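Dumped entry-v3.cif below, it's mmCIF, C-alpha atoms:
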```
data_structure
#
loop_
_atom_site.label_atom_id
_atom_site.label_comp_id
_atom_site.auth_asym_id
_atom_site.auth_seq_id
_atom_site.Cartn_x
_atom_site.Cartn_y
_atom_site.Cartn_z
CA MET F 1 103.48 86.49 47.81
CA LEU F 2 101.32 88.76 49.98
CA ALA F 3 99.31 89.99 46.98
CA LEU F 4 98.67 86.37 46.01
CA ARG F 5 97.58 85.56 49.56
CA ASP F 6 95.32 88.57 49.94
CA LYS F 7 93.66 88.57 46.51
CA GLY F 8 95.02 86.30 43.80
CA LEU F 9 94.08 82.97 45.37
CA ASN F 10 90.50 84.05 45.97
CA GLU F 11 90.10 84.50 42.22
CA ALA F 12 91.16 80.93 41.43
CA PRO F 13 88.32 78.56 40.42
CA VAL F 14 86.95 76.11 43.00
CA GLU F 15 86.91 72.39 42.10
CA LEU F 16 85.59 69.26 43.81
CA VAL F 17 88.41 66.79 44.43
CA ARG F 18 88.45 63.30 45.91
CA ILE F 19 90.00 63.44 49.39
CA GLN F 20 91.98 60.24 48.78
CA GLU F 21 93.89 62.03 45.98
CA LEU F 22 95.30 64.64 48.39
CA TYR F 23 98.72 64.42 50.00
CA VAL F 24 99.51 65.74 53.48
CA SER F 25 103.10 66.37 54.57
CA SER F 26 104.53 69.02 56.88
CA SER F 27 102.66 71.83 58.61
CA PRO F 28 103.77 75.28 59.78
CA ARG F 29 102.48 74.18 63.21
CA ALA F 30 104.92 72.28 65.40
CA ASP F 31 102.03 70.43 67.10
CA GLY F 32 100.27 69.55 63.85
CA VAL F 33 96.47 69.43 63.63
CA ASP F 34 94.46 70.57 66.65
CA GLN F 35 91.91 67.75 66.87
CA GLU F 36 89.53 69.69 69.10
CA TYR F 37 89.44 72.60 66.65
CA ALA F 38 88.92 70.17 63.75
CA ARG F 39 85.93 68.62 65.62
CA THR F 40 84.49 72.12 66.07
CA LEU F 41 84.72 72.68 62.32
CA ALA F 42 83.14 69.30 61.64
CA ASP F 43 80.14 70.23 63.81
CA THR F 44 79.63 73.48 61.88
CA GLU F 45 76.53 73.37 59.69
CA SER F 46 77.75 75.96 57.17
CA GLU F 47 79.98 74.92 54.29
CA LEU F 48 83.68 75.39 55.01
CA PRO F 49 85.88 77.47 52.66
CA PRO F 50 87.90 75.62 49.99
CA ILE F 51 91.31 74.30 50.97
CA LEU F 52 94.44 75.19 48.98
CA VAL F 53 96.32 72.42 47.16
CA HIS F 54 99.66 72.49 45.32
CA ARG F 55 98.58 71.11 41.94
CA PRO F 56 101.93 69.56 40.81
CA THR F 57 102.14 67.39 43.97
CA MET F 58 98.51 67.45 45.23
CA ARG F 59 99.93 68.47 48.61
CA VAL F 60 97.61 70.37 50.95
CA VAL F 61 99.09 73.86 51.39
CA ASP F 62 96.38 75.35 53.61
CA GLY F 63 93.33 73.78 55.24
CA LEU F 64 94.50 70.72 57.20
CA HIS F 65 91.87 71.38 59.89
CA ARG F 66 89.15 71.65 57.24
CA LEU F 67 90.41 68.46 55.60
CA THR F 68 90.38 66.64 58.96
CA ALA F 69 86.85 67.92 59.58
CA ALA F 70 85.70 66.70 56.16
CA ARG F 71 87.15 63.24 56.81
CA SER F 72 85.42 63.02 60.19
CA ARG F 73 82.14 63.87 58.45
CA GLY F 74 82.71 60.94 56.10
CA GLN F 75 83.06 63.10 53.00
CA ASP F 76 84.62 61.65 49.86
CA LEU F 77 84.95 65.05 48.12
CA ILE F 78 86.18 68.46 49.23
CA HIS F 79 86.27 71.90 47.61
CA VAL F 80 89.76 72.88 46.46
CA ARG F 81 91.57 75.84 44.97
CA TYR F 82 94.86 75.04 43.23
CA PHE F 83 98.25 76.73 43.45
CA ASP F 84 100.56 76.12 40.47
CA GLY F 85 103.85 77.59 41.71
CA ASP F 86 106.91 75.68 42.93
CA SER F 87 107.22 73.83 46.25
CA THR F 88 109.21 76.59 47.95
CA ASP F 89 106.53 79.17 47.22
CA ALA F 90 103.89 76.70 48.39
CA ASP F 91 105.69 76.48 51.74
CA LEU F 92 105.75 80.28 52.00
CA LEU F 93 102.04 80.46 51.20
CA ALA F 94 101.31 77.91 53.93
CA ILE F 95 102.99 80.23 56.43
CA ALA F 96 101.42 83.44 55.13
CA LEU F 97 97.91 81.98 55.02
CA ASN F 98 98.07 80.48 58.50
CA VAL F 99 99.26 83.82 59.87
CA SER F 100 96.40 85.80 58.35
CA HIS F 101 93.28 83.65 58.89
CA GLY F 102 91.82 80.54 60.43
CA ARG F 103 93.61 79.34 63.57
CA PRO F 104 96.61 81.72 63.83
CA LEU F 105 100.11 80.37 64.36
CA CYS F 106 101.48 80.71 67.87
CA LEU F 107 104.64 82.75 68.49
CA GLU F 108 106.85 79.64 68.54
CA ASP F 109 105.49 78.52 65.16
CA ARG F 110 106.02 82.00 63.68
CA VAL F 111 109.63 82.04 64.86
CA GLY F 112 110.14 78.60 63.31
CA ALA F 113 108.53 79.85 60.09
CA ALA F 114 110.91 82.83 60.00
CA GLU F 115 113.90 80.50 60.33
CA ARG F 116 112.64 78.38 57.42
CA ILE F 117 112.25 81.51 55.31
CA PHE F 118 115.85 82.45 56.13
CA ALA F 119 116.94 79.04 54.85
CA SER F 120 115.01 79.25 51.56
CA HIS F 121 115.27 83.03 50.96
CA PRO F 122 118.34 84.35 52.83
CA GLU F 123 118.36 87.41 50.58
CA TRP F 124 114.97 88.66 51.86
CA SER F 125 114.97 91.76 54.06
CA ASP F 126 113.75 91.68 57.66
CA ARG F 127 110.55 93.49 56.67
CA ALA F 128 109.85 91.04 53.85
CA VAL F 129 110.29 88.04 56.18
CA ALA F 130 108.21 89.79 58.85
CA ALA F 131 105.32 90.38 56.45
CA VAL F 132 105.08 86.66 55.63
CA ALA F 133 105.80 85.25 59.11
CA GLY F 134 103.48 87.68 60.91
CA LEU F 135 106.14 89.13 63.21
CA SER F 136 107.65 92.59 63.62
CA ALA F 137 110.75 93.53 61.66
CA ARG F 138 112.50 94.09 64.99
CA LYS F 139 111.73 90.53 66.07
CA ILE F 140 112.91 89.17 62.72
CA ALA F 141 116.20 91.09 63.05
CA GLU F 142 116.65 89.54 66.50
CA ILE F 143 115.98 86.03 65.16
CA ARG F 144 118.45 86.64 62.31
CA ARG F 145 121.17 87.75 64.73
CA ASN F 146 120.62 84.80 67.05
CA SER F 147 120.42 82.16 64.33
CA SER F 148 123.50 80.22 63.33
CA GLY F 149 124.41 79.43 59.74
CA THR F 150 126.20 81.14 56.90
CA PHE F 151 122.95 81.52 54.94
CA LEU F 152 121.94 84.45 57.14
CA ASN F 153 124.61 86.82 55.87
CA GLY F 154 124.85 88.73 52.61
CA ALA F 155 125.82 92.07 51.15
CA ARG F 156 122.33 92.86 49.79
CA ARG F 157 118.75 92.06 50.69
CA ILE F 158 115.52 92.16 48.69
CA GLY F 159 112.70 94.23 50.15
CA LEU F 160 108.91 94.00 49.85
CA ASP F 161 109.11 96.02 46.63
CA GLY F 162 111.36 93.40 45.04
CA ARG F 163 114.40 95.69 44.95
CA ALA F 164 117.83 94.65 46.24
CA ARG F 165 119.55 97.03 48.66
CA PRO F 166 122.84 96.83 50.57
CA VAL F 167 122.75 95.64 54.16
CA ASP F 168 125.30 98.29 55.09
CA SER F 169 124.89 101.60 53.23
CA THR F 170 128.14 103.18 54.46
CA TYR F 171 129.95 102.99 51.13
CA GLY F 172 126.83 103.87 49.16
CA ARG F 173 126.34 106.97 51.31
CA GLU F 174 129.94 108.08 50.82
CA LEU F 175 129.70 107.56 47.06
CA ALA F 176 126.38 109.42 46.93
CA SER F 177 127.99 112.31 48.79
CA ARG F 178 130.71 112.58 46.14
CA LEU F 179 128.18 112.32 43.31
CA ILE F 180 126.01 115.05 44.83
CA LYS F 181 129.01 117.37 45.09
CA GLU F 182 130.01 116.62 41.49
CA ASN F 183 126.49 117.14 40.13
CA PRO F 184 124.20 118.99 42.60
CA THR F 185 121.28 119.04 40.12
CA ALA F 186 121.18 115.27 39.56
CA SER F 187 117.89 113.61 40.58
CA LEU F 188 117.65 111.43 43.67
CA ARG F 189 116.93 108.33 41.61
CA THR F 190 119.83 108.93 39.25
CA ILE F 191 122.26 109.10 42.18
CA ALA F 192 120.53 106.17 43.88
CA ARG F 193 121.15 103.98 40.82
CA GLN F 194 124.81 104.93 40.66
CA ALA F 195 125.44 104.56 44.40
CA GLY F 196 123.40 101.40 44.91
CA ILE F 197 121.18 102.82 47.67
CA SER F 198 117.55 103.94 47.89
CA PRO F 199 116.34 107.43 46.84
CA ALA F 200 115.25 108.02 50.44
CA THR F 201 118.82 107.39 51.63
CA VAL F 202 120.13 109.75 48.94
CA ALA F 203 117.73 112.43 50.19
CA ASP F 204 119.12 112.00 53.70
CA VAL F 205 122.69 112.20 52.38
CA ARG F 206 121.86 115.36 50.39
CA GLY F 207 120.46 116.99 53.52
CA ARG F 208 123.58 116.09 55.48
CA VAL F 209 125.85 117.43 52.74
CA MET F 210 123.93 120.72 52.66
CA ARG F 211 124.29 121.02 56.44
CA GLY F 212 128.00 120.21 56.29
CA GLU F 213 127.56 116.95 58.19
CA ASP F 214 129.07 113.49 57.71
CA PRO F 215 126.98 111.63 55.07
CA VAL F 216 127.15 108.51 57.25
CA PRO F 217 125.34 108.63 60.63
CA ALA F 218 127.61 108.05 63.61
CA ARG F 219 125.83 104.80 64.55
CA GLN F 220 126.82 103.28 61.19
CA ARG F 221 130.49 104.17 61.34
CA GLY F 222 132.80 101.26 62.05
CA HIS F 223 130.32 98.50 61.22
CA LEU F 224 132.32 97.28 58.22
CA LYS F 225 136.06 97.60 57.92
CA ALA F 226 136.47 95.46 54.79
CA ALA F 227 136.86 96.83 51.29
CA PRO F 228 133.68 98.23 49.70
CA PRO F 229 131.59 96.04 47.39
CA ALA F 230 133.07 95.64 43.93
CA HIS F 231 130.23 97.46 42.18
CA LEU F 232 131.02 100.54 44.32
CA ALA F 233 134.78 100.22 44.61
CA GLU F 234 135.13 100.17 40.84
CA HIS F 235 132.91 103.23 40.35
CA ARG F 236 134.08 105.67 37.74
CA PRO F 237 132.38 108.81 36.43
CA PRO F 238 130.00 107.59 33.66
CA THR F 239 131.04 108.29 30.09
CA THR F 240 129.18 107.65 26.87
CA SER F 241 132.17 105.86 25.34
CA ARG F 242 132.71 103.32 28.11
CA PRO F 243 132.10 99.83 26.66
CA ALA F 244 129.53 97.58 28.28
CA LYS F 245 130.91 94.80 30.46
CA THR F 246 130.49 91.28 29.09
CA ARG F 247 128.93 89.17 31.84
CA SER F 248 129.76 85.51 32.38
CA ALA F 249 127.13 82.77 32.20
CA ALA F 250 127.30 82.49 36.00
CA GLU F 251 126.64 86.21 36.45
CA LEU F 252 123.74 86.06 34.01
CA GLY F 253 122.39 83.04 35.87
CA THR F 254 122.48 84.97 39.14
CA LEU F 255 120.60 87.89 37.57
CA PHE F 256 117.99 85.52 36.15
CA ASP F 257 117.53 83.75 39.50
CA THR F 258 116.90 87.12 41.17
CA LEU F 259 114.25 88.04 38.60
CA ARG F 260 112.70 84.56 38.80
CA ARG F 261 112.10 85.02 42.55
CA ASP F 262 110.50 88.45 42.13
CA PRO F 263 106.78 88.15 43.07
CA SER F 264 105.84 91.03 40.74
CA LEU F 265 106.94 88.84 37.81
CA ARG F 266 105.98 85.38 39.10
CA PHE F 267 102.36 86.04 39.88
CA ASN F 268 100.96 87.61 36.71
CA GLU F 269 100.64 86.22 33.19
CA ALA F 270 102.78 88.85 31.46
CA GLY F 271 105.57 88.38 34.02
CA ARG F 272 105.51 84.58 33.67
CA HIS F 273 105.65 84.91 29.88
CA THR F 274 108.71 87.15 30.18
CA LEU F 275 110.40 84.71 32.58
CA ARG F 276 109.80 81.80 30.17
CA MET F 277 111.41 83.86 27.42
CA LEU F 278 114.42 84.61 29.64
CA GLU F 279 114.65 80.97 30.73
CA ALA F 280 115.27 79.97 27.12
CA ALA F 281 118.07 82.54 26.92
CA ALA F 282 119.48 81.27 30.23
CA LEU F 283 119.62 77.75 28.79
CA VAL F 284 121.70 79.00 25.85
CA ALA F 285 124.01 80.87 28.24
CA ARG F 286 124.58 77.70 30.26
CA ASP F 287 124.89 75.14 27.47
CA ARG F 288 125.88 77.11 24.39
CA GLN F 289 128.53 74.71 23.11
CA ARG F 290 126.39 71.61 23.64
CA ILE F 291 123.51 73.23 21.77
CA VAL F 292 125.83 74.22 18.90
CA GLU F 293 127.02 70.63 18.59
CA SER F 294 123.45 69.30 18.60
CA VAL F 295 122.35 71.43 15.60
CA PRO F 296 122.52 69.42 12.32
CA ALA F 297 125.33 70.57 10.03
CA HIS F 298 123.01 71.59 7.20
CA CYS F 299 121.07 73.88 9.60
CA LYS F 300 124.00 75.69 11.23
CA VAL F 301 124.35 78.54 8.70
CA GLN F 302 120.65 79.32 8.58
CA MET F 303 120.37 79.14 12.34
CA SER F 304 123.39 81.40 12.69
CA GLU F 305 121.69 84.04 10.55
CA LEU F 306 118.45 83.65 12.49
CA VAL F 307 120.19 83.94 15.87
CA GLN F 308 122.15 86.97 14.68
CA GLY F 309 118.90 88.65 13.69
CA TYR F 310 117.36 87.84 17.06
CA ALA F 311 120.51 89.15 18.78
CA GLU F 312 119.98 92.52 17.11
CA ILE F 313 116.37 92.53 18.35
CA TRP F 314 117.54 91.61 21.86
CA GLU F 315 119.97 94.54 21.76
CA LEU F 316 117.13 96.87 20.80
CA PHE F 317 115.01 95.33 23.54
CA ALA F 318 117.76 95.99 26.13
CA HIS F 319 118.10 99.57 24.91
CA ASP F 320 114.33 100.12 25.16
CA LEU F 321 114.24 98.74 28.71
CA LYS F 322 117.11 100.95 29.85
CA THR F 323 115.70 104.06 28.18
CA ARG F 324 112.22 103.46 29.61
CA SER F 325 113.67 102.89 33.10
CA GLU F 326 115.70 106.10 33.02
CA THR F 327 112.73 108.10 31.70
CA GLN F 328 110.37 106.76 34.37
CA THR F 329 112.75 107.24 37.28
CA ASP F 330 113.67 110.77 36.24
CA THR F 331 109.97 111.62 35.85
CA GLU F 332 109.17 110.25 39.30
CA SER F 333 111.96 112.28 40.89
CA ALA F 334 111.13 115.53 39.10
#
```
As structure tokens, how would this structure be written, given the file I've shared?
Amino acid sequence: MLALRDKGLNEAPVELVRIQELYVSSSPRADGVDQEYARTLADTESELPPILVHRPTMRVVDGLHRLTAARSRGQDLIHVRYFDGDSTDADLLAIALNVSHGRPLCLEDRVGAAERIFASHPEWSDRAVAAVAGLSARKIAEIRRNSSGTFLNGARRIGLDGRARPVDSTYGRELASRLIKENPTASLRTIARQAGISPATVADVRGRVMRGEDPVPARQRGHLKAAPPAHLAEHRPPTTSRPAKTRSAAELGTLFDTLRRDPSLRFNEAGRHTLRMLEAAALVARDRQRIVESVPAHCKVQMSELVQGYAEIWELFAHDLKTRSETQTDTESA
């Protein structure tokens, strides 16, 4: 999102669009358009920058003051750059753009923006929300604590790098401590993957273990008394013969939704191509039986052979991804 705001949108082509075709709805500003500021823009002799429009709906994402100024000048046309993402991302862009340029959002509007981000992206970390809303991570954490609603809680949060990490690392730290004792030469990233925490946290745990200290800082003790997350509670020493777990369609759907929200995939052509490929697979996972019934009888055998062949390619693809990931992470930690 931030990369798109800071660079990607500026590379989009500029088009002249009829003002009457544009749609104006909500604004990140509680008070709406500042008419005095819009009049100041209208009196400016230089050409104003293009506004941003959500192409699927023709809704103005950024530039309401410029649009108001153009109307007061009696213009029929205005320069536009288009955004082709979904409506939720358009809302986030409206916040991020108004924070970074033009007439900045006031503190009240930024707090309101943070609360809307919590509603649409409850899994985002405090720093990720702060980067878009233009507030400090400390202020975002305060808003999260003071806000009501079940959407604010969760076991894991996604950071600016797109990676999901546990909100409470107590269990991950304890597991990392055991793994370090079992295999002192293992890389930080290898242990981080197994324990579900960041390499930086593993480094801290390793230092504590070497000093004979508790792997969990005193301030974190007692925060959670419930059982550890399932992916940690069920940890077993890895073996080469352990069969892979078959995931349900719901679990696969959750994994796909997480990838679909990742900005590093959404905002480049190769990433969007990969997501379209995975979306087709997600459709089969959701509606397999209905699709089977819809295939004509005389095509079922041939299609079965074709799908089986593709399944073997998918298996190779999965193996290549896992191997490449392990090679890269071990190289980075060496």
Counting all atoms listed in the file, the option among F:Arg59, F:Arg110, F:His79, F:Arg208 closest to Ile143 (chain F) =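 Between F:Arg59, F:Arg110, F:His79, F:Arg208, the residue approaching Ile143 (chain F) most closely is F:Arg110.
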ask   = So which residues get picked by the PyMOL selection byres ((chain F and resi 62) around 6) here, written as an MDAnalysis selection string?
value = chainID F and resid 51:52 60:61 63 94
query = So how far away is CA of Ser27 (chain F) from CA of Pro56 (chain F), in Å?
reply = 18.0 Å
message = Once the PyMOL selection byres ((chain F and resi 123) around 6) is applied to the coordinates I shared, what remains selected? I want it as a ChimeraX atom specification.
response = /F:121-122,124,157-158
Could you save those same residues with C-alpha atoms as a PDB file, in the frame of the given file?
```pdb
ATOM      1  CA  HIS F 121     115.270  83.030  50.960  1.00  0.00           C
ATOM      2  CA  PRO F 122     118.340  84.350  52.830  1.00  0.00           C
ATOM      3  CA  TRP F 124     114.970  88.660  51.860  1.00  0.00           C
ATOM      4  CA  ARG F 157     118.750  92.060  50.690  1.00  0.00           C
ATOM      5  CA  ILE F 158     115.520  92.160  48.690  1.00  0.00           C
TER       6      ILE F 158
END
```
May I have the residues within 12 Å of region 278-280 of chain F as a PDB file with C-alpha atoms, in the coordinates of the input, using all atoms listed in the file and disregarding those fewer than 2 positions away in the same chain?
```pdb
ATOM      1  CA  LEU F 252     123.740  86.060  34.010  1.00  0.00           C
ATOM      2  CA  GLY F 253     122.390  83.040  35.870  1.00  0.00           C
ATOM      3  CA  LEU F 255     120.600  87.890  37.570  1.00  0.00           C
ATOM      4  CA  PHE F 256     117.990  85.520  36.150  1.00  0.00           C
ATOM      5  CA  ASP F 257     117.530  83.750  39.500  1.00  0.00           C
ATOM      6  CA  LEU F 259     114.250  88.040  38.600  1.00  0.00           C
ATOM      7  CA  ARG F 260     112.700  84.560  38.800  1.00  0.00           C
ATOM      8  CA  LEU F 265     106.940  88.840  37.810  1.00  0.00           C
ATOM      9  CA  GLY F 271     105.570  88.380  34.020  1.00  0.00           C
ATOM     10  CA  ARG F 272     105.510  84.580  33.670  1.00  0.00           C
ATOM     11  CA  HIS F 273     105.650  84.910  29.880  1.00  0.00           C
ATOM     12  CA  THR F 274     108.710  87.150  30.180  1.00  0.00           C
ATOM     13  CA  LEU F 275     110.400  84.710  32.580  1.00  0.00           C
ATOM     14  CA  ARG F 276     109.800  81.800  30.170  1.00  0.00           C
ATOM     15  CA  ALA F 282     119.480  81.270  30.230  1.00  0.00           C
ATOM     16  CA  LEU F 283     119.620  77.750  28.790  1.00  0.00           C
ATOM     17  CA  VAL F 284     121.700  79.000  25.850  1.00  0.00           C
ATOM     18  CA  ALA F 285     124.010  80.870  28.240  1.00  0.00           C
ATOM     19  CA  ARG F 286     124.580  77.700  30.260  1.00  0.00           C
ATOM     20  CA  ASP F 287     124.890  75.140  27.470  1.00  0.00           C
ATOM     21  CA  ARG F 288     125.880  77.110  24.390  1.00  0.00           C
ATOM     22  CA  ILE F 291     123.510  73.230  21.770  1.00  0.00           C
ATOM     23  CA  TRP F 314     117.540  91.610  21.860  1.00  0.00           C
TER      24      TRP F 314
END
```
note = Restricting to all atoms listed in the file, whichever of F:Phe118, F:Tyr171, F:Tyr37, F:Tyr310 is closest to Leu64 (chain F) is F:Tyr37
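Minimum atom-to-atom distances from F:Ala176, F:Leu93, F:Met277, F:Val99 to Asp214 (chain F) were compared using all atoms listed in the file, and the lowest value belongs to F:Ala176.
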request  = Anything within 8 Å of (108.0, 82.9, 60.9): list those residues as a PyMOL selection string, counting only C-alpha atoms and sticking to the file's coordinates.
outcome  = chain F and resi 95+109-117+129-130+132-135
ask   = Any chance you could work out the residue set of the PyMOL selection byres ((chain F and resi 67) around 12) here, as a ChimeraX atom specification?
value = /F:17-20,22-24,33-35,37-39,41-42,48-53,59-66,68-80
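Of the listed residues F:Glu251, F:Met210, F:His54, F:Val295, the one whose atoms come nearest to Thr88 (chain F) is F:His54, with distances taken using all atoms listed in the file.
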key: Minimum-distance residue to Ile180 (chain F), chosen among F:Arg206, F:Arg81, F:Arg144, F:Arg29 (using all atoms listed in the file)   = F:Arg206
ask   = Please, what distance in Å, to one decimal, runs between CA of Ser87 (chain F) and CA of Ala12 (chain F)?
value =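 These two atoms are separated by 18.2 Å.
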ask   = What is the distance between CA of Ser125 (chain F) and CA of Ser325 (chain F), in Å to one decimal?
value =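 A separation of 23.8 Å between them.
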The centre and edge lengths of an axis-aligned box containing all atoms of region 118-137 of chain F present in the file, extended by 6 Å on each side, are to be given in Å to one decimal, as JSON.
```
{"center_x": 110.9, "center_y": 86.3, "center_z": 57.1, "size_x": 26.9, "size_y": 26.5, "size_z": 25.0}
```
request  = Name the residues within 9 Å of (131.6, 106.0, 50.4), counting all atoms listed in the file in the file's coordinates, and put them as a PyMOL selection string.
outcome  = chain F and resi 169-178+195+215-216+228+232-233
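Among F:Ile191, F:Thr44, F:Asp262, F:Leu107, the residue with the shortest atom-to-atom distance to Ser136 (chain F), counting all atoms listed in the file, is F:Leu107.
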Extract region 77-158 of chain F from the preceding block and save C-alpha atoms as a JSON list (two decimals), in the first residue's frame.
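Dumped to out.json:
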```json
[["chain", "number", "residue", "atom", "x", "y", "z"],
["F", 77, "LEU", "CA", -12.88, 17.90, -17.79],
["F", 78, "ILE", "CA", -10.28, 17.04, -15.17],
["F", 79, "HIS", "CA", -7.01, 15.11, -15.22],
["F", 80, "VAL", "CA", -7.32, 11.67, -13.62],
["F", 81, "ARG", "CA", -5.14, 8.73, -12.67],
["F", 82, "TYR", "CA", -6.97, 5.44, -12.17],
["F", 83, "PHE", "CA", -6.70, 2.85, -9.41],
["F", 84, "ASP", "CA", -7.89, -0.66, -10.36],
["F", 85, "GLY", "CA", -7.87, -2.43, -6.98],
["F", 86, "ASP", "CA", -10.88, -3.30, -4.82],
["F", 87, "SER", "CA", -12.97, -0.85, -2.79],
["F", 88, "THR", "CA", -11.30, -1.68, 0.52],
["F", 89, "ASP", "CA", -7.85, -0.89, -0.85],
["F", 90, "ALA", "CA", -9.25, 2.30, -2.38],
["F", 91, "ASP", "CA", -10.39, 3.37, 1.09],
["F", 92, "LEU", "CA", -6.93, 2.67, 2.50],
["F", 93, "LEU", "CA", -5.30, 4.66, -0.29],
["F", 94, "ALA", "CA", -7.60, 7.60, 0.45],
["F", 95, "ILE", "CA", -6.29, 7.61, 4.02],
["F", 96, "ALA", "CA", -2.63, 7.11, 3.12],
["F", 97, "LEU", "CA", -2.65, 9.80, 0.43],
["F", 98, "ASN", "CA", -4.38, 12.40, 2.59],
["F", 99, "VAL", "CA", -1.86, 11.76, 5.35],
["F", 100, "SER", "CA", 1.16, 12.27, 3.12],
["F", 101, "HIS", "CA", 0.31, 15.29, 0.93],
["F", 102, "GLY", "CA", -2.14, 18.06, 0.19],
["F", 103, "ARG", "CA", -4.17, 19.21, 3.19],
["F", 104, "PRO", "CA", -3.12, 16.77, 5.96],
["F", 105, "LEU", "CA", -5.72, 15.00, 8.06],
["F", 106, "CYS", "CA", -6.20, 16.36, 11.57],
["F", 107, "LEU", "CA", -5.56, 14.13, 14.58],
["F", 108, "GLU", "CA", -9.26, 13.32, 14.99],
["F", 109, "ASP", "CA", -9.51, 12.21, 11.36],
["F", 110, "ARG", "CA", -6.38, 10.06, 11.69],
["F", 111, "VAL", "CA", -7.79, 8.34, 14.77],
["F", 112, "GLY", "CA", -11.04, 7.69, 12.88],
["F", 113, "ALA", "CA", -9.02, 6.34, 9.95],
["F", 114, "ALA", "CA", -7.15, 3.95, 12.27],
["F", 115, "GLU", "CA", -10.45, 2.62, 13.61],
["F", 116, "ARG", "CA", -11.70, 1.99, 10.07],
["F", 117, "ILE", "CA", -8.49, 0.12, 9.27],
["F", 118, "PHE", "CA", -9.04, -2.04, 12.36],
["F", 119, "ALA", "CA", -12.50, -2.91, 11.04],
["F", 120, "SER", "CA", -11.31, -3.86, 7.53],
["F", 121, "HIS", "CA", -7.87, -5.29, 8.43],
["F", 122, "PRO", "CA", -7.95, -6.45, 12.08],
["F", 123, "GLU", "CA", -4.95, -8.68, 11.41],
["F", 124, "TRP", "CA", -2.64, -5.73, 10.65],
["F", 125, "SER", "CA", 0.06, -4.92, 13.22],
["F", 126, "ASP", "CA", 0.15, -1.60, 15.07],
["F", 127, "ARG", "CA", 3.10, -0.44, 12.95],
["F", 128, "ALA", "CA", 1.32, -1.34, 9.71],
["F", 129, "VAL", "CA", -1.79, 0.62, 10.73],
["F", 130, "ALA", "CA", 0.39, 3.50, 11.95],
["F", 131, "ALA", "CA", 2.20, 3.74, 8.62],
["F", 132, "VAL", "CA", -1.07, 4.19, 6.72],
["F", 133, "ALA", "CA", -2.92, 6.37, 9.26],
["F", 134, "GLY", "CA", 0.04, 8.67, 9.90],
["F", 135, "LEU", "CA", 0.20, 8.06, 13.65],
["F", 136, "SER", "CA", 2.79, 6.52, 15.95],
["F", 137, "ALA", "CA", 2.66, 2.81, 16.72],
["F", 138, "ARG", "CA", 2.26, 3.74, 20.38],
["F", 139, "LYS", "CA", -0.83, 5.80, 19.58],
["F", 140, "ILE", "CA", -2.26, 3.00, 17.44],
["F", 141, "ALA", "CA", -1.75, 0.50, 20.29],
["F", 142, "GLU", "CA", -3.63, 2.89, 22.60],
["F", 143, "ILE", "CA", -6.51, 3.22, 20.12],
["F", 144, "ARG", "CA", -6.65, -0.57, 19.75],
["F", 145, "ARG", "CA", -6.83, -1.06, 23.52],
["F", 146, "ASN", "CA", -9.54, 1.55, 23.95],
["F", 147, "SER", "CA", -11.68, 0.43, 21.02],
["F", 148, "SER", "CA", -14.55, -1.97, 21.58],
["F", 149, "GLY", "CA", -15.32, -4.87, 19.28],
["F", 150, "THR", "CA", -14.19, -8.43, 18.84],
["F", 151, "PHE", "CA", -12.46, -7.59, 15.55],
["F", 152, "LEU", "CA", -9.56, -6.05, 17.44],
["F", 153, "ASN", "CA", -8.27, -9.30, 18.89],
["F", 154, "GLY", "CA", -6.33, -12.11, 17.26],
["F", 155, "ALA", "CA", -3.50, -14.53, 17.84],
["F", 156, "ARG", "CA", -1.35, -13.21, 14.96],
["F", 157, "ARG", "CA", -0.81, -9.91, 13.18],
["F", 158, "ILE", "CA", 0.65, -9.05, 9.78]]
```
